[in-house]
$ cat start39.txt   # compact mmCIF, N, CA and C atoms and all ligand atoms
# COMPACT_ATOMS: atom_id res chain seq x y z
N MET A 14 -101.85 23.17 -25.06
CA MET A 14 -100.77 23.78 -24.26
C MET A 14 -99.64 24.25 -25.18
N ILE A 15 -99.23 23.38 -26.08
CA ILE A 15 -98.17 23.76 -27.00
C ILE A 15 -98.60 24.96 -27.85
N ARG A 16 -99.92 24.93 -28.23
CA ARG A 16 -100.39 26.04 -29.06
C ARG A 16 -100.34 27.36 -28.30
N ILE A 17 -100.72 27.30 -27.02
CA ILE A 17 -100.68 28.53 -26.22
C ILE A 17 -99.24 29.04 -26.11
N CYS A 18 -98.33 28.12 -25.89
CA CYS A 18 -96.92 28.53 -25.81
C CYS A 18 -96.48 29.18 -27.12
N GLY A 19 -96.92 28.59 -28.22
CA GLY A 19 -96.56 29.15 -29.52
C GLY A 19 -97.07 30.57 -29.67
N TYR A 20 -98.33 30.78 -29.27
CA TYR A 20 -98.90 32.13 -29.34
C TYR A 20 -98.10 33.10 -28.49
N LEU A 21 -97.82 32.66 -27.26
CA LEU A 21 -97.09 33.54 -26.35
C LEU A 21 -95.73 33.89 -26.91
N LEU A 22 -95.07 32.90 -27.46
CA LEU A 22 -93.73 33.13 -28.00
C LEU A 22 -93.78 34.15 -29.15
N SER A 23 -94.76 33.97 -30.06
CA SER A 23 -94.79 34.91 -31.18
C SER A 23 -95.18 36.31 -30.71
N LEU A 24 -96.01 36.35 -29.67
CA LEU A 24 -96.39 37.66 -29.12
C LEU A 24 -95.16 38.37 -28.55
N ILE A 25 -94.38 37.60 -27.80
CA ILE A 25 -93.17 38.18 -27.20
C ILE A 25 -92.20 38.64 -28.30
N LEU A 26 -92.04 37.81 -29.31
CA LEU A 26 -91.14 38.17 -30.42
C LEU A 26 -91.63 39.43 -31.11
N LEU A 27 -92.94 39.49 -31.32
CA LEU A 27 -93.53 40.63 -32.03
C LEU A 27 -93.30 41.91 -31.24
N ILE A 28 -93.56 41.85 -29.93
CA ILE A 28 -93.37 43.05 -29.10
C ILE A 28 -91.91 43.46 -29.12
N GLY A 29 -91.03 42.49 -28.94
CA GLY A 29 -89.59 42.78 -28.94
C GLY A 29 -89.17 43.41 -30.25
N PHE A 30 -89.69 42.90 -31.34
CA PHE A 30 -89.30 43.39 -32.66
C PHE A 30 -89.77 44.81 -32.89
N THR A 31 -91.05 45.07 -32.61
CA THR A 31 -91.57 46.41 -32.89
C THR A 31 -90.90 47.44 -31.99
N GLN A 32 -90.62 47.06 -30.73
CA GLN A 32 -89.94 48.02 -29.85
C GLN A 32 -88.53 48.29 -30.34
N GLY A 33 -87.85 47.24 -30.76
CA GLY A 33 -86.48 47.41 -31.25
C GLY A 33 -86.45 48.33 -32.45
N ALA A 34 -87.43 48.21 -33.32
CA ALA A 34 -87.44 49.01 -34.53
C ALA A 34 -87.81 50.46 -34.24
N ALA A 35 -88.65 50.66 -33.22
CA ALA A 35 -89.15 52.01 -32.97
C ALA A 35 -88.21 52.81 -32.08
N ALA A 36 -87.53 52.13 -31.16
CA ALA A 36 -86.73 52.85 -30.19
C ALA A 36 -85.50 53.45 -30.84
N ALA A 37 -85.34 54.76 -30.70
CA ALA A 37 -84.16 55.42 -31.22
C ALA A 37 -83.00 55.11 -30.29
N ASP A 38 -81.84 54.96 -30.86
CA ASP A 38 -80.67 54.57 -30.10
C ASP A 38 -79.64 55.70 -30.10
N ALA A 39 -79.61 56.46 -29.02
CA ALA A 39 -78.71 57.62 -28.95
C ALA A 39 -77.24 57.22 -28.95
N ILE A 40 -76.94 56.03 -28.45
CA ILE A 40 -75.54 55.56 -28.43
C ILE A 40 -75.06 55.33 -29.87
N GLN A 41 -75.94 54.67 -30.63
CA GLN A 41 -75.66 54.46 -32.05
C GLN A 41 -75.54 55.82 -32.75
N GLY A 42 -76.42 56.75 -32.37
CA GLY A 42 -76.39 58.09 -32.94
C GLY A 42 -75.07 58.79 -32.68
N GLN A 43 -74.53 58.56 -31.50
CA GLN A 43 -73.24 59.19 -31.17
C GLN A 43 -72.12 58.66 -32.08
N THR A 44 -72.13 57.35 -32.32
CA THR A 44 -71.14 56.76 -33.21
C THR A 44 -71.25 57.37 -34.60
N LEU A 45 -72.49 57.49 -35.08
CA LEU A 45 -72.72 58.08 -36.40
C LEU A 45 -72.28 59.53 -36.43
N ALA A 46 -72.61 60.27 -35.38
CA ALA A 46 -72.27 61.69 -35.33
C ALA A 46 -70.76 61.88 -35.38
N LYS A 47 -70.04 61.06 -34.61
CA LYS A 47 -68.58 61.20 -34.60
C LYS A 47 -68.00 60.86 -35.97
N ARG A 48 -68.63 59.94 -36.66
CA ARG A 48 -68.12 59.53 -37.97
C ARG A 48 -68.48 60.53 -39.06
N TRP A 49 -69.76 60.98 -39.08
CA TRP A 49 -70.25 61.76 -40.21
C TRP A 49 -70.36 63.25 -39.98
N CYS A 50 -70.49 63.68 -38.76
CA CYS A 50 -70.84 65.08 -38.53
C CYS A 50 -69.72 65.88 -37.86
N ALA A 51 -68.76 65.18 -37.22
CA ALA A 51 -67.77 65.88 -36.40
C ALA A 51 -66.81 66.74 -37.22
N ALA A 52 -66.72 66.52 -38.53
CA ALA A 52 -65.84 67.34 -39.35
C ALA A 52 -66.30 68.80 -39.33
N CYS A 53 -67.57 69.03 -39.18
CA CYS A 53 -68.10 70.40 -39.20
C CYS A 53 -68.73 70.80 -37.86
N HIS A 54 -69.49 69.90 -37.26
CA HIS A 54 -70.20 70.24 -36.02
C HIS A 54 -69.39 69.78 -34.81
N VAL A 55 -69.49 70.52 -33.72
CA VAL A 55 -69.02 70.01 -32.44
C VAL A 55 -70.13 69.09 -31.95
N VAL A 56 -69.85 67.78 -31.95
CA VAL A 56 -70.94 66.82 -31.68
C VAL A 56 -70.96 66.37 -30.22
N ALA A 57 -69.90 66.61 -29.47
CA ALA A 57 -69.87 66.16 -28.08
C ALA A 57 -69.11 67.15 -27.23
N ALA A 58 -69.37 67.13 -25.93
CA ALA A 58 -68.76 68.11 -25.02
C ALA A 58 -67.23 68.00 -25.02
N ASP A 59 -66.69 66.81 -25.31
CA ASP A 59 -65.24 66.66 -25.28
C ASP A 59 -64.56 66.99 -26.61
N GLN A 60 -65.35 67.44 -27.58
CA GLN A 60 -64.75 67.82 -28.86
C GLN A 60 -64.38 69.30 -28.82
N LYS A 61 -63.15 69.61 -29.18
CA LYS A 61 -62.66 71.00 -29.03
C LYS A 61 -63.31 71.94 -30.05
N SER A 62 -63.24 71.63 -31.34
CA SER A 62 -63.78 72.58 -32.30
C SER A 62 -64.20 71.91 -33.59
N GLY A 63 -65.10 72.57 -34.29
CA GLY A 63 -65.55 72.09 -35.59
C GLY A 63 -65.40 73.20 -36.60
N ASN A 64 -66.20 73.15 -37.64
CA ASN A 64 -66.27 74.19 -38.65
C ASN A 64 -67.04 75.36 -38.03
N THR A 65 -66.55 76.58 -38.19
CA THR A 65 -67.19 77.71 -37.50
C THR A 65 -68.60 78.01 -38.00
N GLN A 66 -68.94 77.56 -39.20
CA GLN A 66 -70.28 77.84 -39.73
C GLN A 66 -71.34 76.92 -39.16
N ALA A 67 -70.92 75.74 -38.72
CA ALA A 67 -71.90 74.75 -38.30
C ALA A 67 -72.18 74.86 -36.80
N PRO A 68 -73.44 74.92 -36.41
CA PRO A 68 -73.77 75.04 -34.98
C PRO A 68 -73.42 73.75 -34.22
N PRO A 69 -72.89 73.87 -32.98
CA PRO A 69 -72.65 72.67 -32.17
C PRO A 69 -73.98 71.95 -31.90
N PHE A 70 -73.91 70.63 -31.73
CA PHE A 70 -75.15 69.87 -31.49
C PHE A 70 -75.84 70.32 -30.20
N SER A 71 -75.05 70.73 -29.20
CA SER A 71 -75.68 71.17 -27.96
C SER A 71 -76.52 72.42 -28.21
N ALA A 72 -76.06 73.29 -29.13
CA ALA A 72 -76.82 74.50 -29.45
C ALA A 72 -78.08 74.14 -30.26
N ILE A 73 -77.95 73.17 -31.14
CA ILE A 73 -79.11 72.74 -31.93
C ILE A 73 -80.19 72.20 -31.00
N ALA A 74 -79.76 71.39 -30.03
CA ALA A 74 -80.73 70.77 -29.11
C ALA A 74 -81.43 71.81 -28.24
N LYS A 75 -80.79 72.97 -28.04
CA LYS A 75 -81.38 73.98 -27.15
C LYS A 75 -82.24 74.99 -27.91
N MET A 76 -82.30 74.86 -29.25
CA MET A 76 -83.14 75.79 -30.00
C MET A 76 -84.59 75.66 -29.57
N PRO A 77 -85.29 76.79 -29.44
CA PRO A 77 -86.68 76.74 -28.98
C PRO A 77 -87.56 75.89 -29.91
N ARG A 78 -87.27 75.88 -31.21
CA ARG A 78 -88.10 75.12 -32.13
C ARG A 78 -87.62 73.68 -32.27
N PHE A 79 -86.69 73.24 -31.40
CA PHE A 79 -86.17 71.89 -31.53
C PHE A 79 -87.28 70.86 -31.35
N ASP A 80 -87.30 69.90 -32.28
CA ASP A 80 -88.28 68.82 -32.20
C ASP A 80 -87.61 67.58 -32.78
N VAL A 81 -87.55 66.52 -31.97
CA VAL A 81 -86.76 65.36 -32.37
C VAL A 81 -87.29 64.70 -33.65
N ALA A 82 -88.61 64.68 -33.81
CA ALA A 82 -89.19 64.06 -35.00
C ALA A 82 -88.91 64.91 -36.25
N ARG A 83 -89.02 66.24 -36.07
CA ARG A 83 -88.76 67.13 -37.20
C ARG A 83 -87.28 67.02 -37.60
N LEU A 84 -86.41 66.89 -36.62
CA LEU A 84 -84.99 66.78 -36.90
C LEU A 84 -84.67 65.50 -37.68
N ALA A 85 -85.29 64.39 -37.28
CA ALA A 85 -85.06 63.13 -37.98
C ALA A 85 -85.47 63.26 -39.44
N LEU A 86 -86.58 63.95 -39.69
CA LEU A 86 -87.02 64.16 -41.07
C LEU A 86 -86.06 65.07 -41.83
N PHE A 87 -85.64 66.13 -41.14
CA PHE A 87 -84.69 67.08 -41.74
C PHE A 87 -83.43 66.35 -42.20
N LEU A 88 -82.97 65.40 -41.38
CA LEU A 88 -81.72 64.71 -41.69
C LEU A 88 -81.85 63.77 -42.89
N LEU A 89 -83.06 63.42 -43.24
CA LEU A 89 -83.25 62.55 -44.40
C LEU A 89 -83.18 63.33 -45.71
N GLU A 90 -83.35 64.66 -45.61
CA GLU A 90 -83.32 65.49 -46.81
C GLU A 90 -81.90 66.02 -47.02
N PRO A 91 -81.45 66.09 -48.25
CA PRO A 91 -80.16 66.76 -48.48
C PRO A 91 -80.29 68.23 -48.07
N HIS A 92 -79.26 68.80 -47.46
CA HIS A 92 -79.33 70.14 -46.91
C HIS A 92 -78.29 70.99 -47.63
N PRO A 93 -78.64 72.21 -48.03
CA PRO A 93 -77.74 73.02 -48.87
C PRO A 93 -76.27 72.98 -48.46
N LYS A 94 -75.94 73.43 -47.24
CA LYS A 94 -74.52 73.52 -46.89
C LYS A 94 -73.97 72.21 -46.38
N MET A 95 -74.77 71.19 -46.35
CA MET A 95 -74.31 69.91 -45.85
C MET A 95 -74.33 68.87 -46.97
N PRO A 96 -73.34 67.97 -46.97
CA PRO A 96 -73.36 66.92 -47.99
C PRO A 96 -74.55 66.00 -47.77
N ASP A 97 -75.05 65.40 -48.83
CA ASP A 97 -76.12 64.42 -48.69
C ASP A 97 -75.52 63.14 -48.15
N MET A 98 -75.88 62.80 -46.92
CA MET A 98 -75.22 61.66 -46.29
C MET A 98 -75.94 60.34 -46.49
N ASN A 99 -77.05 60.40 -47.20
CA ASN A 99 -77.76 59.16 -47.49
C ASN A 99 -78.06 58.34 -46.25
N LEU A 100 -78.54 59.00 -45.22
CA LEU A 100 -78.82 58.29 -43.98
C LEU A 100 -80.08 57.45 -44.13
N SER A 101 -80.08 56.31 -43.48
CA SER A 101 -81.31 55.52 -43.44
C SER A 101 -82.24 56.14 -42.40
N ARG A 102 -83.49 55.73 -42.43
CA ARG A 102 -84.47 56.23 -41.46
C ARG A 102 -84.01 56.01 -40.04
N SER A 103 -83.50 54.80 -39.75
CA SER A 103 -83.13 54.52 -38.36
C SER A 103 -81.86 55.29 -37.97
N GLU A 104 -80.96 55.50 -38.93
CA GLU A 104 -79.77 56.30 -38.62
C GLU A 104 -80.18 57.74 -38.30
N ALA A 105 -81.11 58.28 -39.07
CA ALA A 105 -81.57 59.65 -38.85
C ALA A 105 -82.25 59.76 -37.47
N THR A 106 -83.05 58.75 -37.11
CA THR A 106 -83.72 58.77 -35.81
C THR A 106 -82.71 58.67 -34.67
N ASP A 107 -81.70 57.82 -34.85
CA ASP A 107 -80.67 57.66 -33.82
C ASP A 107 -79.90 58.97 -33.64
N LEU A 108 -79.55 59.60 -34.76
CA LEU A 108 -78.82 60.87 -34.69
C LEU A 108 -79.65 61.94 -33.99
N ALA A 109 -80.92 61.99 -34.34
CA ALA A 109 -81.81 62.99 -33.73
C ALA A 109 -81.88 62.76 -32.22
N ALA A 110 -81.97 61.49 -31.81
CA ALA A 110 -82.03 61.18 -30.37
C ALA A 110 -80.74 61.58 -29.68
N TYR A 111 -79.63 61.36 -30.38
CA TYR A 111 -78.34 61.73 -29.78
C TYR A 111 -78.22 63.25 -29.64
N ILE A 112 -78.61 63.98 -30.70
CA ILE A 112 -78.53 65.44 -30.66
C ILE A 112 -79.40 65.96 -29.51
N GLN A 113 -80.59 65.37 -29.38
CA GLN A 113 -81.49 65.78 -28.29
C GLN A 113 -80.79 65.59 -26.94
N SER A 114 -80.06 64.48 -26.80
CA SER A 114 -79.41 64.19 -25.51
C SER A 114 -78.31 65.20 -25.20
N GLN A 115 -77.79 65.89 -26.21
CA GLN A 115 -76.74 66.88 -25.99
C GLN A 115 -77.27 68.18 -25.41
N GLY A 116 -78.58 68.33 -25.40
CA GLY A 116 -79.17 69.58 -24.88
C GLY A 116 -79.29 69.58 -23.37
N ASN A 117 -79.05 68.44 -22.73
CA ASN A 117 -79.25 68.35 -21.29
C ASN A 117 -78.09 68.98 -20.50
C1 LIG B 201 -69.55 69.66 -44.51
C2 LIG B 201 -69.90 70.18 -43.21
C3 LIG B 201 -71.08 69.54 -42.48
C4 LIG B 201 -71.26 68.22 -42.17
C5 LIG B 201 -70.38 67.03 -42.50
C6 LIG B 201 -72.50 68.17 -41.41
N1 LIG B 201 -73.04 69.43 -41.27
FE1 LIG B 201 -74.80 69.91 -40.33
N2 LIG B 201 -74.56 71.85 -40.90
C7 LIG B 201 -73.45 72.38 -41.52
C8 LIG B 201 -73.61 73.80 -41.65
C9 LIG B 201 -72.59 74.76 -42.29
C10 LIG B 201 -74.88 74.12 -41.08
C11 LIG B 201 -75.53 75.49 -40.98
C12 LIG B 201 -76.46 75.60 -42.16
C13 LIG B 201 -77.02 76.94 -42.35
O1 LIG B 201 -76.66 77.86 -41.61
O2 LIG B 201 -77.83 77.07 -43.26
C14 LIG B 201 -75.44 72.85 -40.63
C15 LIG B 201 -76.69 72.75 -40.02
C16 LIG B 201 -77.17 71.60 -39.43
C17 LIG B 201 -78.42 71.49 -38.77
C18 LIG B 201 -79.49 72.55 -38.71
C19 LIG B 201 -79.51 73.41 -37.53
C20 LIG B 201 -80.67 74.36 -37.70
O3 LIG B 201 -80.41 75.53 -37.91
O4 LIG B 201 -81.81 73.92 -37.62
C21 LIG B 201 -78.51 70.22 -38.27
C22 LIG B 201 -79.65 69.62 -37.47
C23 LIG B 201 -77.31 69.53 -38.68
N3 LIG B 201 -76.52 70.39 -39.38
C24 LIG B 201 -77.05 68.22 -38.38
C25 LIG B 201 -75.99 67.50 -38.93
C26 LIG B 201 -75.78 66.08 -38.74
C27 LIG B 201 -76.66 65.18 -37.89
C28 LIG B 201 -74.67 65.74 -39.44
C29 LIG B 201 -74.05 64.36 -39.58
C30 LIG B 201 -74.90 63.32 -40.08
C31 LIG B 201 -74.17 66.94 -40.08
N4 LIG B 201 -75.00 67.98 -39.75
C32 LIG B 201 -73.05 67.00 -40.87
C33 LIG B 201 -72.35 71.67 -41.97
C34 LIG B 201 -72.19 70.30 -41.90
$ encode --input "start39.txt" --output "structure tokens"
Amino acid sequence: MIRICGYLLSLILLIGFTQGAAAADAIQGQTLAKRWCAACHVVAADQKSGNTQAPPFSAIAKMPRFDVARLALFLLEPHPKMPDMNLSRSEATDLAAYIQSQGN
């Protein structure tokens, strides 16, 4: 009985852990966007203006070729007109999820 409980517990922990690691967090992405991206991009509907060269996140999300996975990868690479922000994989995924949410 104790052994079964142990198995169940580790199974629950394992599921919880893998889901936590895989699920992108758009709320976290919003915090990151306001900190790192708002100087140039309009990152939220309540932001008045950014740098005129940088597309607003809502426009990025509405691009026909928009793809959340491709965006997360793009954010991991240094980009010519953008500073290299040294984002971690999960930060890039969170940001991509947040940008996607701005297209609605
Ligand atoms: C120093 C200003 C600056 C900062 C800070 C910045 N960007 Fe940009 N970003 C730009 C500019 C300018 C472009 C347009 C690049 C071009 O036209 O080649 C751009 C383009 C992009 C694109 C590409 C859109 C497309 O055409 O596919 C994405 C996505 C993007 N930025 C996301 C971000 C995210 C996420 C952050 C914060 C982590 C960020 N940017 C921070 C200036 C900035």
$ residues_near_ligand --input "start39.txt" --ligand "ligand LIG 201 (chain B)" --cutoff "8 Å" --atoms "only C-alpha atoms and all ligand atoms" --output "ChimeraX atom specification"
/A:45-46,48-54,64-68,70,73,76,79,84,87-88,92-96,98,100,105,108-109,112
$ closest_residue --input "start39.txt" --among "A:Ala36, A:Thr106, A:Thr44, A:Tyr20" --to "A:Leu86" --atoms "only C-alpha atoms"
A:Thr106
$ closest_residue --input "start39.txt" --among "A:Arg102, A:Arg83, A:Lys75, A:Lys47" --to "A:Asn117" --atoms "all atoms listed in the file"
A:Lys75
$ select_by_dssp --input "start39.txt" --residues "chain A" --states "helix (DSSP H, G or I)" --output "PyMOL selection string"
chain A and resi 15-35+39-49+70-74+81-89+102-114
$ closest_residue --input "start39.txt" --among "A:Ser101, A:Gln43, A:Gly116, A:Asp59" --to "A:Ala72" --atoms "only N, CA and C atoms"
A:Gly116
$ atom_distance --input "start39.txt" --atom1 "atom CA of A:Gly42" --atom2 "atom CA of A:Ala110"
6.9 Å
$ atom_distance --input "start39.txt" --atom1 "atom CA of A:Asp107" --atom2 "atom CA of A:Pro91"
17.3 Å
$ atom_distance --input "start39.txt" --atom1 "atom CA of A:Ala74" --atom2 "atom CA of A:Tyr111"
9.4 Å
$ closest_residue --input "start39.txt" --among "A:Ser23, A:Gln60, A:Gln41, A:Gln113" --to "A:Asp80" --atoms "only N, CA and C atoms"
A:Gln113
